[in-house]
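Beneath this line is the structure, given in structure tokens, with notes to follow.
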Amino acid sequence: MTATIEPTIIKERLPSAPARLSLTPTGSVPGLLDGAWWPRSRDLLREIPTLTDALDACWGRITHVTVNPAHWPVIPRKVIVTGHTVHVGWFADEQDPNKVILFSYTVGRLDLLVIPPETEPTAAARLMAAVTVPGGIRTASRLMADEAISHDAAEAQSREEEWETDGGAASAAGAAVGIFSSALRR
């Protein structure tokens, strides 16, 4: 009989910046999401330890994490964190691609919106604030879609304002009047 032992690679963790995390207020009306997490990369081996360091002390030891593989290029089976190992699983169809689910033996389940690392800080701040509304009924994907719509509308308004300050409609209207009046003089 032979046993296959999967080698465990223990990397020395460099000090990292604290997790960018926003949780709903304790004791508030439960909603679909319990908070938001804005990781700095799409590397779960690097990001999960930072997240668990932030949550273990205030929420309970995180034992399992599940993600949707749509936004994570590599999903490790286990991640070594401070003082223990976190098991990582994935669900392609069953789990919202913009959400991470964390499990703790002592507290239960925590559902967090995952804000993509490349998100602009102002958009990330809006998303973090939107998630902390007690009793929120928007899913992670709905929040991301609403933010994209809001961003597109703001960008369109900015382009329109720029066009107006460059002469925009007033110049176009003036040019049309000039063409019309010169046509009448002929």
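Going by the structure tokens order, chains are called A, B, ..., each with residues numbered from 1, while ligands are numbered from 1 in the order shown.
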Residues at most 7 Å from stretch 50-57 of chain A, counting only C-alpha atoms, excluding those fewer than 5 positions away in the same chain, as a ChimeraX atom specification?
-> /A:18-19,62
Residues at most 10 Å from A:Thr85, counting only C-alpha atoms, excluding those fewer than 6 positions away in the same chain, as a ChimeraX atom specification?
-> /A:49,62-64,78-79
For N, CA, C and O atoms, I'd like the residues from the last selection saved as a JSON list (two decimals), in the first residue's frame.
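For reference, selection-v2.json as written:
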```json
[["chain", "number", "residue", "atom", "x", "y", "z"],
["A", 49, "PRO", "N", -5.15, 35.18, 3.56],
["A", 49, "PRO", "CA", -4.57, 35.43, 4.88],
["A", 49, "PRO", "C", -4.86, 36.84, 5.41],
["A", 49, "PRO", "O", -5.13, 37.02, 6.60],
["A", 62, "ILE", "N", -11.97, 31.66, 10.70],
["A", 62, "ILE", "CA", -12.45, 31.25, 9.39],
["A", 62, "ILE", "C", -11.84, 29.89, 9.07],
["A", 62, "ILE", "O", -10.62, 29.72, 9.14],
["A", 63, "THR", "N", -12.69, 28.93, 8.71],
["A", 63, "THR", "CA", -12.21, 27.57, 8.42],
["A", 63, "THR", "C", -12.34, 27.21, 6.94],
["A", 63, "THR", "O", -11.56, 26.42, 6.42],
["A", 64, "HIS", "N", -13.35, 27.77, 6.27],
["A", 64, "HIS", "CA", -13.59, 27.46, 4.86],
["A", 64, "HIS", "C", -13.97, 28.74, 4.12],
["A", 64, "HIS", "O", -14.62, 29.62, 4.68],
["A", 78, "LYS", "N", -6.06, 24.64, -0.22],
["A", 78, "LYS", "CA", -5.82, 25.04, 1.16],
["A", 78, "LYS", "C", -4.93, 26.27, 1.18],
["A", 78, "LYS", "O", -4.05, 26.41, 0.33],
["A", 79, "VAL", "N", -5.16, 27.12, 2.17],
["A", 79, "VAL", "CA", -4.32, 28.30, 2.35],
["A", 79, "VAL", "C", -3.89, 28.35, 3.80],
["A", 79, "VAL", "O", -4.73, 28.30, 4.71]]
```
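Restricting the calculation to only C-alpha atoms, the smallest distance between A:Arg61 and any of A:Ala17, A:Leu102, A:Leu143, A:Val74 is found for A:Leu102.
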How many Å lie between atom CA of A:Gly35 and atom CA of A:Ala129, rounded to one decimal?
-> 9.0 Å
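Nearest to A:Glu147 of all the residues A:Ala124, A:Trp90, A:Gly135, A:Thr82 is A:Ala124, counting only C-alpha atoms.
From atom CA of A:Pro97 back to atom CA of A:Pro117, the distance works out to 14.1 Å.
If only C-alpha atoms are the atoms counted, then among A:Val81, A:Leu127, A:Ala148, A:Val133 the closest residue to A:Pro25 is A:Val133.
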